[in-house]
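To be precise, the following lines are upload.cif, and they hold mmCIF, C-alpha atoms (C1' of nucleotides).
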data_target
loop_
_atom_site.label_atom_id
_atom_site.label_comp_id
_atom_site.auth_asym_id
_atom_site.auth_seq_id
_atom_site.Cartn_x
_atom_site.Cartn_y
_atom_site.Cartn_z
CA MET A 1 12.03 -19.83 -18.51
CA PRO A 2 14.16 -22.16 -16.43
CA ALA A 3 12.30 -24.94 -14.69
CA SER A 4 14.16 -23.92 -11.56
CA LEU A 5 11.67 -21.15 -10.87
CA GLN A 6 8.94 -22.56 -8.66
CA ILE A 7 6.16 -21.39 -6.40
CA PRO A 8 7.16 -22.11 -2.79
CA LEU A 9 5.23 -24.95 -1.16
CA THR A 10 5.69 -23.50 2.32
CA PRO A 11 6.30 -19.99 3.66
CA PRO A 12 9.95 -18.89 3.78
CA GLN A 13 11.48 -19.55 7.19
CA SER A 14 14.27 -16.99 6.89
CA GLU A 15 14.84 -13.63 5.31
CA GLN A 16 17.62 -15.12 3.25
CA VAL A 17 15.29 -17.63 1.62
CA LEU A 18 12.69 -14.94 1.03
CA ARG A 19 15.26 -12.56 -0.45
CA ARG A 20 16.61 -15.20 -2.81
CA GLN A 21 13.18 -16.04 -4.12
CA ALA A 22 12.36 -12.36 -4.62
CA GLU A 23 15.65 -11.86 -6.45
CA ALA A 24 14.87 -14.85 -8.64
CA LEU A 25 11.63 -13.20 -9.76
CA ALA A 26 13.34 -10.00 -10.88
CA GLY A 27 13.21 -9.60 -14.63
CA TYR A 28 10.21 -11.82 -15.21
CA SER A 29 7.08 -10.33 -16.70
CA LEU A 30 3.72 -10.57 -14.96
CA GLY A 31 2.47 -12.61 -17.92
CA GLU A 32 5.22 -15.18 -17.42
CA LEU A 33 4.62 -15.44 -13.69
CA ALA A 34 0.87 -15.70 -14.18
CA ALA A 35 1.25 -18.45 -16.79
CA LEU A 36 3.58 -20.44 -14.56
CA ALA A 37 1.08 -20.04 -11.73
CA GLY A 38 -1.86 -21.00 -13.95
CA LEU A 39 -3.60 -17.67 -13.43
CA PRO A 40 -5.41 -15.62 -16.08
CA VAL A 41 -4.13 -12.08 -16.65
CA PRO A 42 -6.89 -9.46 -16.46
CA ASP A 43 -7.13 -6.93 -19.31
CA ASP A 44 -6.41 -4.14 -16.84
CA LEU A 45 -6.49 -3.49 -13.11
CA ARG A 46 -9.73 -1.53 -12.94
CA ARG A 47 -11.57 -4.42 -11.34
CA ASP A 48 -8.52 -6.27 -10.11
CA LYS A 49 -6.57 -3.63 -8.22
CA GLY A 50 -4.92 -6.16 -5.96
CA TRP A 51 -4.02 -8.67 -8.66
CA ILE A 52 -0.31 -7.95 -8.80
CA GLY A 53 -0.05 -8.10 -5.03
CA VAL A 54 -1.78 -11.47 -4.89
CA LEU A 55 0.37 -12.85 -7.72
CA LEU A 56 3.59 -11.87 -5.94
CA GLU A 57 2.26 -13.25 -2.64
CA MET A 58 1.90 -16.62 -4.35
CA TRP A 59 5.36 -16.51 -5.84
CA LEU A 60 6.94 -15.57 -2.54
CA GLY A 61 5.04 -18.07 -0.41
CA ALA A 62 3.12 -15.56 1.70
CA SER A 63 1.15 -17.21 4.48
CA ALA A 64 -2.37 -16.34 3.24
CA GLY A 65 -4.14 -13.59 1.40
CA SER A 66 -6.61 -11.90 3.69
CA LYS A 67 -5.62 -12.73 7.23
CA PRO A 68 -4.96 -9.79 9.57
CA GLU A 69 -1.30 -10.52 10.05
CA GLN A 70 2.02 -10.00 8.34
CA ASP A 71 2.49 -11.65 4.97
CA PHE A 72 5.40 -13.65 6.31
CA ALA A 73 4.34 -14.08 9.91
CA ALA A 74 7.04 -16.60 10.76
CA ILE A 75 9.80 -14.10 10.00
CA GLY A 76 7.96 -10.86 10.71
CA VAL A 77 8.04 -9.39 7.21
CA GLU A 78 5.39 -7.45 5.31
CA LEU A 79 5.22 -7.56 1.48
CA LYS A 80 4.52 -4.43 -0.56
CA THR A 81 4.50 -4.35 -4.33
CA ILE A 82 5.02 -0.82 -5.61
CA PRO A 83 4.30 0.43 -9.12
CA ILE A 84 7.18 2.43 -10.58
CA ASP A 85 7.84 4.42 -13.75
CA SER A 86 10.77 3.94 -16.13
CA SER A 87 12.99 5.97 -13.78
CA GLY A 88 12.19 3.82 -10.80
CA ARG A 89 9.96 6.41 -9.16
CA PRO A 90 6.71 5.38 -7.47
CA LEU A 91 3.51 5.91 -9.43
CA GLU A 92 1.21 5.51 -6.44
CA THR A 93 1.15 6.08 -2.70
CA THR A 94 1.40 3.00 -0.49
CA PHE A 95 -1.40 1.93 1.82
CA VAL A 96 -0.18 1.03 5.31
CA CYS A 97 -3.21 0.33 7.49
CA VAL A 98 -6.57 1.69 8.55
CA ALA A 99 -6.50 4.56 11.02
CA PRO A 100 -8.18 3.99 14.39
CA LEU A 101 -10.68 6.82 14.81
CA THR A 102 -11.87 5.92 18.32
CA GLY A 103 -10.37 4.26 21.38
CA ASN A 104 -7.04 6.00 21.02
CA THR A 105 -6.43 6.92 24.65
CA GLY A 106 -2.91 5.94 25.55
CA VAL A 107 -1.84 4.93 22.04
CA THR A 108 1.70 6.03 21.21
CA TRP A 109 3.84 5.95 18.09
CA GLU A 110 5.86 3.13 19.59
CA SER A 111 2.76 0.99 20.07
CA SER A 112 1.01 2.04 16.85
CA HIS A 113 -0.19 -0.25 14.11
CA VAL A 114 1.63 1.88 11.54
CA ARG A 115 5.01 1.43 13.17
CA HIS A 116 4.49 -2.29 13.60
CA LYS A 117 3.48 -2.73 9.96
CA LEU A 118 6.55 -0.90 8.71
CA GLN A 119 9.07 -2.54 11.02
CA ARG A 120 10.26 -4.85 8.23
CA VAL A 121 9.06 -4.62 4.61
CA LEU A 122 9.98 -6.46 1.43
CA TRP A 123 9.49 -3.92 -1.35
CA VAL A 124 8.99 -5.39 -4.80
CA PRO A 125 8.94 -2.75 -7.55
CA VAL A 126 6.85 -3.56 -10.62
CA GLU A 127 6.62 -1.59 -13.84
CA GLY A 128 3.35 0.26 -13.52
CA GLU A 129 2.90 2.55 -16.48
CA ARG A 130 -0.49 2.02 -18.03
CA GLN A 131 0.94 2.18 -21.52
CA ILE A 132 2.65 -1.14 -20.80
CA PRO A 133 0.22 -4.05 -21.19
CA LEU A 134 -0.25 -5.75 -17.84
CA ALA A 135 1.24 -9.06 -18.99
CA GLU A 136 4.37 -7.32 -20.26
CA ARG A 137 5.16 -5.40 -17.08
CA ARG A 138 8.31 -6.67 -15.40
CA VAL A 139 9.19 -7.30 -11.79
CA GLY A 140 12.15 -5.38 -10.45
CA ALA A 141 14.89 -6.09 -7.94
CA PRO A 142 13.54 -6.36 -4.37
CA LEU A 143 14.52 -4.44 -1.27
CA LEU A 144 14.28 -5.70 2.31
CA TRP A 145 13.86 -2.54 4.35
CA SER A 146 13.48 -1.25 7.88
CA PRO A 147 13.02 2.43 8.70
CA SER A 148 16.23 4.30 9.46
CA PRO A 149 16.20 6.45 12.63
CA GLU A 150 15.53 9.45 10.40
CA GLU A 151 12.68 7.74 8.58
CA ASP A 152 11.16 6.55 11.84
CA GLU A 153 11.27 10.12 13.11
CA GLN A 154 9.59 11.49 9.97
CA LEU A 155 6.86 8.92 10.26
CA ARG A 156 6.42 9.57 13.97
CA ARG A 157 5.94 13.31 13.41
CA ASP A 158 3.24 12.77 10.80
CA TRP A 159 1.55 10.04 12.81
CA GLU A 160 1.41 12.26 15.89
CA GLU A 161 0.05 15.22 13.94
CA LEU A 162 -2.67 13.13 12.34
CA MET A 163 -3.57 11.24 15.50
CA ASP A 164 -3.79 14.48 17.46
CA LEU A 165 -6.35 15.79 14.98
CA ILE A 166 -8.30 12.52 15.15
CA VAL A 167 -8.36 12.50 18.95
CA LEU A 168 -9.39 16.18 19.05
CA GLY A 169 -12.40 15.54 16.84
CA GLN A 170 -10.92 17.14 13.74
CA VAL A 171 -10.84 14.06 11.52
CA GLU A 172 -13.14 15.65 8.93
CA ARG A 173 -10.75 18.58 8.58
CA ILE A 174 -7.82 16.35 7.71
CA THR A 175 -6.93 16.31 4.03
CA ALA A 176 -4.30 14.43 2.06
CA ARG A 177 -2.11 17.55 2.34
CA HIS A 178 -1.40 16.92 6.00
CA GLY A 179 1.81 15.05 6.68
CA GLU A 180 5.22 15.33 5.05
CA VAL A 181 5.75 11.66 4.25
CA MET A 182 2.55 9.99 5.41
CA GLN A 183 -1.00 11.08 4.77
CA LEU A 184 -4.55 10.15 5.78
CA ARG A 185 -7.06 9.40 3.03
CA PRO A 186 -10.33 7.51 2.63
CA LYS A 187 -10.05 3.74 2.57
CA ALA A 188 -13.48 2.33 1.88
CA ALA A 189 -15.66 0.41 -0.51
CA ASN A 190 -17.27 3.72 -1.51
CA SER A 191 -18.24 7.11 -0.11
CA LYS A 192 -21.29 5.64 1.67
CA ALA A 193 -19.35 3.32 3.95
CA LEU A 194 -19.23 4.90 7.38
CA THR A 195 -17.48 4.25 10.65
CA GLU A 196 -17.55 5.85 14.09
CA ALA A 197 -15.27 8.73 14.98
CA ILE A 198 -15.01 11.65 17.42
CA GLY A 199 -16.81 14.88 16.54
CA ALA A 200 -15.73 18.46 17.17
CA SER A 201 -17.54 18.52 20.53
CA GLY A 202 -16.38 15.09 21.57
CA GLU A 203 -19.60 13.44 20.44
CA PRO A 204 -19.69 10.27 18.31
CA ILE A 205 -20.04 10.90 14.59
CA LEU A 206 -20.10 8.74 11.48
CA THR A 207 -17.42 9.38 8.88
CA LEU A 208 -15.53 7.69 6.08
CA PRO A 209 -13.02 5.06 7.18
CA ARG A 210 -9.50 6.42 6.67
CA GLY A 211 -6.17 4.81 6.02
CA PHE A 212 -2.56 5.83 6.44
CA TYR A 213 -0.66 6.04 3.15
CA LEU A 214 3.05 6.56 2.52
CA LYS A 215 3.59 9.46 0.14
CA LYS A 216 5.63 8.98 -3.01
CA ASN A 217 8.43 11.23 -1.80
CA PHE A 218 9.05 8.81 1.07
CA THR A 219 8.91 5.54 -0.86
CA GLY A 220 10.76 7.12 -3.79
CA ALA A 221 13.58 8.15 -1.48
CA LEU A 222 13.93 4.78 0.18
CA LEU A 223 14.01 3.00 -3.17
CA ALA A 224 16.50 5.50 -4.56
CA ARG A 225 18.76 5.24 -1.53
CA HIS A 226 18.93 1.52 -2.12
CA PHE A 227 19.40 1.51 -5.85
CA PHE A 228 21.76 4.47 -6.11
CA SER A 229 23.67 3.86 -2.88
CA PRO A 230 23.71 0.07 -2.39
CA GLU A 231 26.26 0.49 0.42
CA ASN A 232 23.37 1.67 2.58
CA LYS A 233 21.53 -1.61 2.44
"C1'" DT B 1 -0.40 16.21 -15.28
"C1'" DA B 2 0.16 15.43 -10.35
"C1'" DT B 3 -2.61 14.81 -6.61
"C1'" DT B 4 -6.68 14.01 -3.75
"C1'" DG B 5 -10.61 11.80 -2.82
"C1'" DA B 6 -13.16 7.69 -4.43
"C1'" DT B 7 -13.33 3.16 -5.57
"C1'" DC B 8 -12.84 -2.34 -6.77
"C1'" DA B 9 -12.58 -7.49 -5.34
"C1'" DT B 10 -12.46 -10.92 -1.92
"C1'" DG B 11 -12.51 -13.16 2.66
"C1'" DT B 12 -13.48 -13.18 7.73
"C1'" DA C 1 -17.88 -3.54 8.94
"C1'" DC C 2 -13.15 -4.28 8.49
"C1'" DA C 3 -9.21 -6.77 7.07
"C1'" DT C 4 -6.42 -8.17 2.96
"C1'" DG C 5 -4.54 -6.59 -1.83
"C1'" DA C 6 -4.16 -1.70 -4.07
"C1'" DT C 7 -5.30 1.66 -8.47
"C1'" DC C 8 -8.67 4.66 -10.59
"C1'" DA C 9 -10.10 8.98 -12.29
"C1'" DA C 10 -12.03 13.69 -11.44
"C1'" DT C 11 -10.14 17.94 -10.64
"C1'" DA C 12 -7.09 21.53 -9.23
#
Can you present the structure in this file as C-alpha coordinates?
Amino acid sequence: MPASLQIPLTPPQSEQVLRRQAEALAGYSLGELAALAGLPVPDDLRRDKGWIGVLLEMWLGASAGSKPEQDFAAIGVELKTIPIDSSGRPLETTFVCVAPLTGNTGVTWESSHVRHKLQRVLWVPVEGERQIPLAERRVGAPLLWSPSPEEDEQLRRDWEELMDLIVLGQVERITARHGEVMQLRPKAANSKALTEAIGASGEPILTLPRGFYLKKNFTGALLARHFFSPENK
DNA sequence: TATTGATCATGT
DNA sequence: ACATGATCAATA
(Lines of atoms letter the chains of each structure in order from A and count residues from 1; the text may use other names and numbers.)
(Lines give C-alpha, C1' and ligand atoms only; values in the text may rest on other atoms or scores of the structure.)
Protein backbone atom coordinates (compact mmCIF):
# COMPACT_ATOMS: atom_id res chain seq x y z
CA MET A 1 0.00 0.00 0.00
CA PRO A 2 1.47 3.35 -0.94
CA ALA A 3 1.77 5.84 1.87
CA SER A 4 0.12 8.33 -0.45
CA LEU A 5 -3.32 7.00 0.44
CA GLN A 6 -4.63 9.01 3.36
CA ILE A 7 -7.87 9.76 5.14
CA PRO A 8 -8.88 13.36 4.35
CA LEU A 9 -8.49 15.77 7.26
CA THR A 10 -11.24 18.05 5.96
CA PRO A 11 -14.26 17.52 3.71
CA PRO A 12 -13.60 17.81 -0.03
CA GLN A 13 -14.32 21.31 -1.31
CA SER A 14 -14.85 20.33 -4.93
CA GLU A 15 -16.22 17.42 -6.89
CA GLN A 16 -12.85 17.01 -8.52
CA VAL A 17 -11.11 16.44 -5.19
CA LEU A 18 -13.85 14.05 -4.10
CA ARG A 19 -13.70 12.13 -7.38
CA ARG A 20 -9.94 11.77 -7.20
CA GLN A 21 -10.06 10.39 -3.70
CA ALA A 22 -12.82 7.95 -4.64
CA GLU A 23 -10.81 6.82 -7.66
CA ALA A 24 -7.77 6.34 -5.45
CA LEU A 25 -9.73 3.91 -3.27
CA ALA A 26 -10.74 1.70 -6.19
CA GLY A 27 -9.06 -1.67 -6.01
CA TYR A 28 -8.39 -1.65 -2.30
CA SER A 29 -9.99 -4.29 -0.11
CA LEU A 30 -12.17 -3.38 2.85
CA GLY A 31 -9.60 -5.09 5.09
CA GLU A 32 -6.84 -2.81 3.81
CA LEU A 33 -8.92 0.33 4.22
CA ALA A 34 -10.04 -0.71 7.69
CA ALA A 35 -6.46 -1.44 8.79
CA LEU A 36 -5.24 1.92 7.51
CA ALA A 37 -8.11 3.58 9.35
CA GLY A 38 -7.44 1.61 12.54
CA LEU A 39 -10.88 0.01 12.51
CA PRO A 40 -11.70 -3.61 13.33
CA VAL A 41 -13.44 -5.62 10.60
CA PRO A 42 -16.62 -7.35 11.83
CA ASP A 43 -17.02 -11.06 11.05
CA ASP A 44 -20.09 -10.26 8.97
CA LEU A 45 -22.61 -7.47 8.50
CA ARG A 46 -25.49 -8.97 10.45
CA ARG A 47 -25.02 -6.54 13.31
CA ASP A 48 -23.06 -3.95 11.38
CA LYS A 49 -25.18 -3.31 8.32
CA GLY A 50 -23.86 0.20 7.88
CA TRP A 51 -20.20 -0.62 8.42
CA ILE A 52 -19.09 -0.34 4.81
CA GLY A 53 -20.91 2.94 4.40
CA VAL A 54 -19.26 4.41 7.48
CA LEU A 55 -15.82 3.17 6.40
CA LEU A 56 -16.15 4.82 2.99
CA GLU A 57 -17.48 8.01 4.59
CA MET A 58 -14.24 8.21 6.57
CA TRP A 59 -12.07 7.60 3.55
CA LEU A 60 -13.87 10.21 1.51
CA GLY A 61 -13.99 12.88 4.21
CA ALA A 62 -17.77 13.00 4.61
CA SER A 63 -18.91 15.77 6.94
CA ALA A 64 -20.34 13.57 9.72
CA GLY A 65 -22.10 10.28 10.15
CA SER A 66 -25.61 10.85 11.41
CA LYS A 67 -26.50 14.44 10.68
CA PRO A 68 -29.63 15.05 8.59
CA GLU A 69 -27.82 16.57 5.65
CA GLN A 70 -25.88 15.54 2.59
CA ASP A 71 -22.66 13.64 3.15
CA PHE A 72 -20.70 16.37 1.41
CA ALA A 73 -22.78 19.38 2.32
CA ALA A 74 -20.26 21.91 1.03
CA ILE A 75 -20.52 20.58 -2.51
CA GLY A 76 -24.04 19.16 -2.42
CA VAL A 77 -23.19 15.51 -2.94
CA GLU A 78 -24.69 12.38 -1.38
CA LEU A 79 -22.61 9.20 -0.92
CA LYS A 80 -24.09 5.77 -1.61
CA THR A 81 -22.12 2.55 -1.40
CA ILE A 82 -23.78 -0.19 -3.40
CA PRO A 83 -23.10 -3.92 -3.11
CA ILE A 84 -22.55 -5.57 -6.49
CA ASP A 85 -22.02 -9.10 -7.79
CA SER A 86 -19.15 -10.27 -10.01
CA SER A 87 -20.97 -8.87 -13.06
CA GLY A 88 -21.35 -5.44 -11.55
CA ARG A 89 -25.06 -5.83 -10.87
CA PRO A 90 -26.59 -4.55 -7.63
CA LEU A 91 -27.26 -7.11 -4.92
CA GLU A 92 -29.54 -4.86 -2.89
CA THR A 93 -32.00 -2.02 -3.35
CA THR A 94 -30.84 1.44 -2.29
CA PHE A 95 -32.50 3.35 0.53
CA VAL A 96 -33.21 6.98 -0.36
CA CYS A 97 -35.15 8.55 2.51
CA VAL A 98 -38.13 8.07 4.78
CA ALA A 99 -41.52 8.71 3.23
CA PRO A 100 -43.63 11.48 4.77
CA LEU A 101 -46.97 9.90 5.64
CA THR A 102 -48.72 13.07 6.89
CA GLY A 103 -48.53 16.77 6.13
CA ASN A 104 -48.21 16.26 2.40
CA THR A 105 -50.58 18.97 1.21
CA GLY A 106 -48.87 20.93 -1.52
CA VAL A 107 -45.78 18.71 -1.77
CA THR A 108 -44.66 18.17 -5.36
CA TRP A 109 -42.01 16.03 -7.01
CA GLU A 110 -39.92 19.12 -7.59
CA SER A 111 -39.92 19.97 -3.89
CA SER A 112 -39.68 16.39 -2.63
CA HIS A 113 -37.03 15.01 -0.33
CA VAL A 114 -36.43 12.14 -2.76
CA ARG A 115 -35.56 14.42 -5.65
CA HIS A 116 -33.30 16.55 -3.49
CA LYS A 117 -31.44 13.52 -2.17
CA LEU A 118 -30.82 12.16 -5.64
CA GLN A 119 -29.81 15.44 -7.26
CA ARG A 120 -26.12 14.51 -7.07
CA VAL A 121 -24.84 11.11 -5.88
CA LEU A 122 -21.39 9.56 -5.64
CA TRP A 123 -21.94 5.84 -6.20
CA VAL A 124 -19.21 3.59 -4.86
CA PRO A 125 -19.68 -0.06 -5.85
CA VAL A 126 -18.30 -2.64 -3.43
CA GLU A 127 -18.10 -6.38 -3.93
CA GLY A 128 -21.00 -7.72 -1.91
CA GLU A 129 -21.25 -11.45 -2.38
CA ARG A 130 -21.45 -13.16 0.97
CA GLN A 131 -19.08 -15.89 -0.15
CA ILE A 132 -16.33 -13.26 -0.17
CA PRO A 133 -15.02 -12.61 3.34
CA LEU A 134 -15.79 -9.03 4.33
CA ALA A 135 -12.13 -8.02 4.61
CA GLU A 136 -11.40 -9.33 1.12
CA ARG A 137 -14.19 -7.48 -0.67
CA ARG A 138 -12.85 -4.79 -2.98
CA VAL A 139 -13.96 -1.26 -3.70
CA GLY A 140 -14.85 -0.51 -7.29
CA ALA A 141 -14.54 2.51 -9.56
CA PRO A 142 -16.83 5.36 -8.46
CA LEU A 143 -19.49 7.20 -10.42
CA LEU A 144 -20.61 10.79 -9.85
CA TRP A 145 -24.19 10.82 -11.07
CA SER A 146 -27.20 13.05 -11.56
CA PRO A 147 -30.52 11.79 -12.91
CA SER A 148 -30.95 12.13 -16.66
CA PRO A 149 -34.24 13.70 -17.83
CA GLU A 150 -35.51 10.18 -18.47
CA GLU A 151 -34.47 8.93 -15.04
CA ASP A 152 -36.00 11.97 -13.37
CA GLU A 153 -39.25 11.25 -15.19
CA GLN A 154 -39.26 7.58 -14.13
CA LEU A 155 -38.68 8.57 -10.55
CA ARG A 156 -41.35 11.26 -10.70
CA ARG A 157 -43.97 8.81 -11.96
CA ASP A 158 -43.30 6.35 -9.16
CA TRP A 159 -43.10 9.07 -6.53
CA GLU A 160 -46.45 10.51 -7.62
CA GLU A 161 -48.13 7.10 -7.66
CA LEU A 162 -46.88 6.27 -4.19
CA MET A 163 -47.59 9.69 -2.72
CA ASP A 164 -51.10 9.65 -4.16
CA LEU A 165 -51.79 6.39 -2.34
CA ILE A 166 -50.32 7.79 0.89
CA VAL A 167 -52.38 10.97 0.71
CA LEU A 168 -55.54 8.99 -0.09
CA GLY A 169 -55.15 6.86 3.02
CA GLN A 170 -54.02 3.75 1.17
CA VAL A 171 -50.54 3.45 2.66
CA GLU A 172 -51.26 0.01 4.13
CA ARG A 173 -52.22 -1.28 0.69
CA ILE A 174 -48.89 -0.29 -0.82
CA THR A 175 -46.50 -3.18 -1.35
CA ALA A 176 -42.96 -3.35 -2.68
CA ARG A 177 -44.47 -4.24 -6.08
CA HIS A 178 -45.69 -0.72 -6.65
CA GLY A 179 -43.34 1.45 -8.68
CA GLU A 180 -41.24 0.63 -11.72
CA VAL A 181 -37.90 1.92 -10.44
CA MET A 182 -38.65 3.09 -6.92
CA GLN A 183 -40.60 1.28 -4.23
CA LEU A 184 -41.95 1.88 -0.73
CA ARG A 185 -40.98 -0.55 2.02
CA PRO A 186 -40.75 -0.60 5.80
CA LYS A 187 -37.85 1.32 7.30
CA ALA A 188 -37.88 0.76 11.03
CA ALA A 189 -36.11 -0.72 14.00
CA ASN A 190 -38.66 -3.55 13.96
CA SER A 191 -42.30 -4.28 13.17
CA LYS A 192 -43.46 -2.67 16.43
CA ALA A 193 -42.20 0.81 15.63
CA LEU A 194 -45.15 2.92 14.58
CA THR A 195 -45.71 6.34 13.11
CA GLU A 196 -48.76 8.40 12.22
CA ALA A 197 -50.39 8.15 8.82
CA ILE A 198 -53.73 8.78 7.08
CA GLY A 199 -56.36 6.04 7.24
CA ALA A 200 -58.86 4.99 4.59
CA SER A 201 -61.48 7.40 5.95
CA GLY A 202 -59.05 10.24 6.44
CA GLU A 203 -58.58 9.48 10.12
CA PRO A 204 -55.17 9.28 11.80
CA ILE A 205 -53.76 5.76 12.06
CA LEU A 206 -50.53 4.23 13.31
CA THR A 207 -48.46 2.27 10.81
CA LEU A 208 -44.92 1.16 10.10
CA PRO A 209 -42.55 3.92 9.02
CA ARG A 210 -41.79 3.51 5.31
CA GLY A 211 -38.87 4.45 3.16
CA PHE A 212 -38.32 5.02 -0.54
CA TYR A 213 -35.90 2.54 -2.10
CA LEU A 214 -34.39 2.50 -5.59
CA LYS A 215 -34.99 -0.86 -7.25
CA LYS A 216 -32.08 -2.84 -8.62
CA ASN A 217 -33.20 -2.39 -12.22
CA PHE A 218 -32.72 1.35 -11.84
CA THR A 219 -29.34 1.36 -10.08
CA GLY A 220 -28.15 -1.52 -12.26
CA ALA A 221 -28.96 0.47 -15.38
CA LEU A 222 -27.25 3.63 -14.24
CA LEU A 223 -24.11 1.74 -13.28
CA ALA A 224 -24.14 -0.19 -16.54
CA ARG A 225 -24.64 2.94 -18.62
CA HIS A 226 -21.53 4.36 -17.01
CA PHE A 227 -19.31 1.34 -17.18
CA PHE A 228 -20.34 0.10 -20.62
CA SER A 229 -20.84 3.50 -22.23
CA PRO A 230 -18.32 5.83 -20.56
CA GLU A 231 -19.08 8.50 -23.19
CA ASN A 232 -22.31 9.12 -21.31
CA LYS A 233 -20.62 10.30 -18.16
C1' DT B 1 -33.25 -18.01 -5.84
C1' DA B 2 -35.11 -13.36 -6.30
C1' DT B 3 -37.84 -10.47 -3.79
C1' DT B 4 -40.51 -8.49 -0.01
C1' DG B 5 -41.05 -7.39 4.43
C1' DA B 6 -38.25 -7.18 8.68
C1' DT B 7 -34.41 -5.89 10.99
C1' DC B 8 -29.54 -4.01 13.18
C1' DA B 9 -26.45 -0.16 15.23
C1' DT B 10 -25.74 4.47 16.49
C1' DG B 11 -26.60 9.44 17.27
C1' DT B 12 -29.74 13.50 17.81
C1' DA C 1 -39.27 8.75 17.17
C1' DC C 2 -36.50 9.71 13.36
C1' DA C 3 -32.26 10.57 11.12
C1' DT C 4 -27.85 8.39 9.56
C1' DG C 5 -25.63 3.96 7.47
C1' DA C 6 -27.82 -0.31 5.03
C1' DT C 7 -28.37 -5.94 4.77
C1' DC C 8 -30.83 -9.91 6.51
C1' DA C 9 -33.66 -13.81 5.89
C1' DA C 10 -38.37 -15.86 5.37
C1' DT C 11 -41.11 -16.96 1.68
C1' DA C 12 -43.21 -16.97 -2.76
If you count only C-alpha atoms (C1' of nucleotides), which residues fall within 10 Å of DT11 (chain C), apart from same-chain ones fewer than 2 positions away, as a list in words?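 What passes the distance filter is DT3, DT4 and DG5 of chain B; DA9 of chain C.
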Would you kindly report the residues of chain C within 7 Å of chain A, using only C-alpha atoms (C1' of nucleotides), as a PyMOL selection string? chain C and resi 3-8
Quick one: which residues end up in the PyMOL selection byres ((chain B) within 8 of (chain A)) for this structure, as a PyMOL selection string? chain B and resi 4-9+11-12
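A straight line drawn from CA of Phe228 (chain A) to CA of Leu60 (chain A) is 25.2 Å long.
When the PyMOL selection byres ((chain A and resi 206) around 8) is evaluated on the file shown here, the picked residues come out as Leu194, Thr195, Glu196, Ala197, Pro204, Ile205, Thr207 and Leu208 of chain A.
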For CA of Leu5 (chain A) and CA of Thr219 (chain A), quote the distance in Å rounded to one decimal.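 If I compute the distance from CA of Leu5 (chain A) to CA of Thr219 (chain A), I get 28.6 Å.
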Correct to one decimal, the distance CA of Ala22 (chain A)-CA of Asp43 (chain A) is 25.0 Å
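Using only C-alpha atoms (C1' of nucleotides), the protein and nucleic acid residues lying no more than 12 Å from Arg157 (chain A), apart from those fewer than 3 places from it along its own chain, are A:Thr108, A:Trp109, A:Glu110, A:Arg115, A:Glu150, A:Glu151, A:Asp152, A:Glu153, A:Gln154, A:Glu160, A:Glu161, A:Leu162, A:Met163, A:Asp164, A:His178, A:Gly179, A:Glu180, A:Val181, A:Met182, A:Gln183.
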How about saving the chosen residues, C-alpha atoms kept, as a tab-separated table (two decimals), keeping the file's coordinate frame?
chain	number	residue	atom	x	y	z
A	108	THR	CA	1.70	6.03	21.21
A	109	TRP	CA	3.84	5.95	18.09
A	110	GLU	CA	5.86	3.13	19.59
A	115	ARG	CA	5.01	1.43	13.17
A	150	GLU	CA	15.53	9.45	10.40
A	151	GLU	CA	12.68	7.74	8.58
A	152	ASP	CA	11.16	6.55	11.84
A	153	GLU	CA	11.27	10.12	13.11
A	154	GLN	CA	9.59	11.49	9.97
A	160	GLU	CA	1.41	12.26	15.89
A	161	GLU	CA	0.05	15.22	13.94
A	162	LEU	CA	-2.67	13.13	12.34
A	163	MET	CA	-3.57	11.24	15.50
A	164	ASP	CA	-3.79	14.48	17.46
A	178	HIS	CA	-1.40	16.92	6.00
A	179	GLY	CA	1.81	15.05	6.68
A	180	GLU	CA	5.22	15.33	5.05
A	181	VAL	CA	5.75	11.66	4.25
A	182	MET	CA	2.55	9.99	5.41
A	183	GLN	CA	-1.00	11.08	4.77
Apply the PyMOL selection byres ((chain A and resi 227) around 12) to the displayed file and report the matching residues as JSON, numbers by chain. {"A": [87, 88, 89, 125, 140, 141, 142, 143, 220, 221, 222, 223, 224, 225, 226, 228, 229, 230, 231, 232, 233]}
